[in-house]
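Trainee: Let me give you the structure first, and then I'll get to my questions.
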Amino acid sequence: MEAANKQKEEKDAAVAEISSLGRVSHKLAMTDAGPPLEKVLGVLLPRLLLRIGNNHARNTANSFAKAEYDKIHAKLIEMISHAMKRVRADQQCQLPCSAILGLLYDAKMKVDPFTMNFSLAFLTLGLPRCTMEIVQSMLPGLFVLVGAHSSNISCLQSASKKAQMSQIGHLLLRALETVVVKTHENPTTAHASSSSTVKTSSSELMAGDDLVRAATFEPNSYIETVRMVCHSDTVAGAAVYDLLLDVLLYQPTSPSANSNSTAMPPQGLSQIGQERLVSGASTISKNWAAEFAPRARLAEIKMGILDVVAPCRRWAFFAGPTGNGDTATNNVRDSNALGTARTV
């Protein structure tokens with residue numbers, strides 16, 4: 001009797017959830033484009049992405065209300081697809097990228113595949129639209145995420161997880177391009193935005209769950225936080241360094257017109273590294289390779305990466321946390337940091 005009551009309660013709750021989603025779906029469909037849509041998605045989208053993963057997990061674990069859970073899943077897919085379609089049509093609509101990024105942290109790497117894949121799709125679309133302040137606040141988390149996926153052996157054994165790892169790497173490249181290249185293009189705006197950058201502690205980053213809940217604001221604090229991540233998490237530092245080195249070694253190539261085979265990578269760049277780069281998504285071209293085919297465009301991002309890794313430049317992410325030591329000591333430490341990150 002108790003089991004039957006529990007089963008009935010579960011089905012009733014699922015039916016009520018279907019009804020609630022129907023009302024929310026109607027409200028979303030009736031929301032005007034522009035600021036109203038952006039405001040609604042800022043609250044609704046992270047919840048939908050989390051809910052579709054939770055629903056998939058409970059549907060897999062329990063068959064009492066499988067039919068109802070299937071209906072919930074179908075409604076969530078419908079709502080998320082509707083949101084994606086409208087966001088693609090509205091180029092000015094900003095997405096809650098920081099909140100979405102926060103969904104992807106899990107100490108056991110157990111993020112549901114539906115949550116992961118949809119979140120990465122929205123981040124790929126939304127990150128280029130974010131303000132400088134938001135991208136700066138996301139950088140430490142992206143470093144941690146790249147390291148977490150690079151250290152998981154299952155990411156190398158599954159084609160879908162390899163694709164996810166590649167997407168995360170390209171999100172980091174987009175973020176670095178925004179922070180570094182656009183700073184050179186408009187230093188006044190970049191300086192103003194850096195004064196209100198979110199500061200996140202290293203312990204919060206490594207815990208992962210509260211990454212987007214930082215509360216204090218300090219100038220350029222994201223730079224110091226990224227340095228702390230690379231210093232304390234050698235896997236993340238090495239993984240990001242390898243990704244940046246691949247970009248530095250990359251050269252546009254075109255396969256022979258008579259051959260369907262992939263062109264050989266340039267010297268120093270592995271086949272896997274080249275495939276990871278050229279398969280990246282782009283919001284303005286067919287893919288990453290097509291966007292960076294022009295020599296000037298590729299040179300621009302390479303110069304930006306040099307600013308990221310060079311110990312004498314402003315960012316110097318692999319230099320380690322700045323201490324109270326003198327400049328000479330810091331310079332020696334900075335010079336050694338590059339080799340350490342590369343050989344880990």
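Identifiers in the structure tokens: chain A, B, ... in order shown; residue index from 1 per chain; ligand index from 1 in order shown.
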At a cut-off of 10 Å, using only C-alpha atoms, what residues contact A:Val278? Leave out same-chain residues fewer than 6 positions from it and give the result as an MDAnalysis selection string.
Mentor: chainID A and resid 250 252 287:292
Trainee: For the selection you just gave me, I'd like the residues written to a file as a PDB file, in the first residue's frame, keeping N, CA, C and O atoms.
Mentor:
ATOM      1  N   TYR A 250      49.462  26.587 -35.180  1.00  0.00           N
ATOM      2  CA  TYR A 250      48.493  26.354 -36.256  1.00  0.00           C
ATOM      3  C   TYR A 250      48.743  27.264 -37.459  1.00  0.00           C
ATOM      4  O   TYR A 250      49.050  28.445 -37.315  1.00  0.00           O
ATOM      5  N   PRO A 252      46.831  27.896 -41.440  1.00  0.00           N
ATOM      6  CA  PRO A 252      45.734  27.474 -42.337  1.00  0.00           C
ATOM      7  C   PRO A 252      46.259  26.586 -43.446  1.00  0.00           C
ATOM      8  O   PRO A 252      47.276  26.893 -44.073  1.00  0.00           O
ATOM      9  N   ASN A 287      33.124  27.534 -39.538  1.00  0.00           N
ATOM     10  CA  ASN A 287      33.751  26.969 -38.348  1.00  0.00           C
ATOM     11  C   ASN A 287      34.951  27.825 -37.962  1.00  0.00           C
ATOM     12  O   ASN A 287      35.224  28.852 -38.587  1.00  0.00           O
ATOM     13  N   TRP A 288      35.675  27.384 -36.934  1.00  0.00           N
ATOM     14  CA  TRP A 288      36.821  28.152 -36.443  1.00  0.00           C
ATOM     15  C   TRP A 288      37.887  28.299 -37.519  1.00  0.00           C
ATOM     16  O   TRP A 288      38.466  29.371 -37.684  1.00  0.00           O
ATOM     17  N   ALA A 289      38.145  27.228 -38.254  1.00  0.00           N
ATOM     18  CA  ALA A 289      39.177  27.271 -39.289  1.00  0.00           C
ATOM     19  C   ALA A 289      38.845  28.306 -40.361  1.00  0.00           C
ATOM     20  O   ALA A 289      39.726  29.043 -40.832  1.00  0.00           O
ATOM     21  N   ALA A 290      37.576  28.374 -40.758  1.00  0.00           N
ATOM     22  CA  ALA A 290      37.175  29.349 -41.782  1.00  0.00           C
ATOM     23  C   ALA A 290      37.274  30.778 -41.247  1.00  0.00           C
ATOM     24  O   ALA A 290      37.682  31.697 -41.973  1.00  0.00           O
ATOM     25  N   GLU A 291      36.941  30.969 -39.991  1.00  0.00           N
ATOM     26  CA  GLU A 291      37.010  32.317 -39.411  1.00  0.00           C
ATOM     27  C   GLU A 291      38.443  32.822 -39.329  1.00  0.00           C
ATOM     28  O   GLU A 291      38.712  34.006 -39.538  1.00  0.00           O
ATOM     29  N   PHE A 292      39.376  31.918 -39.039  1.00  0.00           N
ATOM     30  CA  PHE A 292      40.765  32.325 -38.869  1.00  0.00           C
ATOM     31  C   PHE A 292      41.634  31.977 -40.092  1.00  0.00           C
ATOM     32  O   PHE A 292      42.856  31.946 -39.989  1.00  0.00           O
TER      33      PHE A 292
END
Trainee: Write out as a list in words the residues lying within 9 Å of stretch 13-16 of chain A, counting only C-alpha atoms and excluding same-chain residues fewer than 2 positions away.
Mentor: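 Non-adjacent residues within range: Lys8, Glu9, Glu10, Lys11, Ile18, Ser19, Ser20, Leu21, Ala65, Glu68, Tyr69 and Ile72 of chain A.
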Trainee: Smallest atom-to-atom distance to A:Pro36: which of A:Tyr222, A:Leu171, A:Gln94, A:Met138, using only C-alpha atoms?
Mentor: A:Gln94
Trainee: By how many Å are atom CA of A:Met84 and atom CA of A:Leu41 apart?
Mentor: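 Interatomic distance, atom CA of A:Met84 to atom CA of A:Leu41: 10.3 Å.
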Trainee: So, counting only C-alpha atoms, which residue among A:Val40, A:Leu123, A:Ala296, A:Leu269 is closest to A:Leu248?
Mentor: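 Ranking A:Val40, A:Leu123, A:Ala296, A:Leu269 by distance to A:Leu248, first place goes to A:Leu269.
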Trainee: Pick from A:Val87, A:Lys71, A:Glu78, A:Val144: nearest to A:Leu37, with only C-alpha atoms counted?
Mentor: A:Val87
Trainee: Tell me which protein, DNA and RNA residues are within 12 Å of A:Phe118, counting only C-alpha atoms, leaving out same-chain ones fewer than 5 positions away, and put them as a list in words.
Mentor: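 After dropping sequence-adjacent residues, the list is Leu45, Pro46, Leu48, Leu49, Leu50, Arg51, Ile52, Gly53, Leu76, Ile77, Met79, Ile80, Ser81, Ala83, Met84, Ile100, Leu101, Leu103, Leu104, Val111, Asp112, Pro113, Leu123, Thr124, Leu125, Gln164 and Gln167 of chain A.
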Trainee: Out of A:Ala89, A:Lys66, A:Met116, A:Gly237, which residue has the shortest atom-to-atom distance to A:Gln7 when counting only C-alpha atoms?
Mentor: A:Lys66
Trainee: With distances taken over only C-alpha atoms, which residue among A:Lys85, A:Lys162, A:His231, A:Lys182 lies nearest A:Glu275?
Mentor: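 Using only C-alpha atoms, the shortest distance to A:Glu275 belongs to A:Lys162.
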Trainee: Check the smallest atom-to-atom distance from each of A:Leu44, A:Val247, A:Cys97, A:Ala175 to A:Arg276 using only C-alpha atoms, then report the winner.
Mentor: A:Val247
Trainee: In Å to one decimal, how far is atom CA of A:His170 from atom CA of A:Ser151?
Mentor: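 Atom CA of A:Ser151 sits 17.3 Å away from atom CA of A:His170.
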Trainee: Excluding A:Asp246 and any residue of its chain fewer than 6 positions from it, enumerate the residues within 8 Å of it, using only C-alpha atoms, and give them as a list of chain:residue names.
Mentor: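 Final neighbour list, sorted by chain and number: A:Leu269, A:Gly273, A:Gln274, A:Leu277.
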Trainee: Please produce an output containing N, CA and C atoms for each residue in the selection, written as a compact mmCIF listing (two decimals), in the first residue's frame.
Mentor:
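The result, written out as part38.txt:
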# COMPACT_ATOMS: atom_id res chain seq x y z
N LEU A 269 52.67 20.53 -34.48
CA LEU A 269 51.25 20.42 -34.13
C LEU A 269 50.77 19.00 -34.44
N GLY A 273 45.59 17.77 -32.22
CA GLY A 273 45.53 19.20 -31.92
C GLY A 273 44.92 20.00 -33.06
N GLN A 274 45.30 19.64 -34.28
CA GLN A 274 44.73 20.36 -35.43
C GLN A 274 43.24 20.09 -35.57
N LEU A 277 41.23 22.17 -33.22
CA LEU A 277 41.09 23.58 -33.59
C LEU A 277 40.12 23.77 -34.74
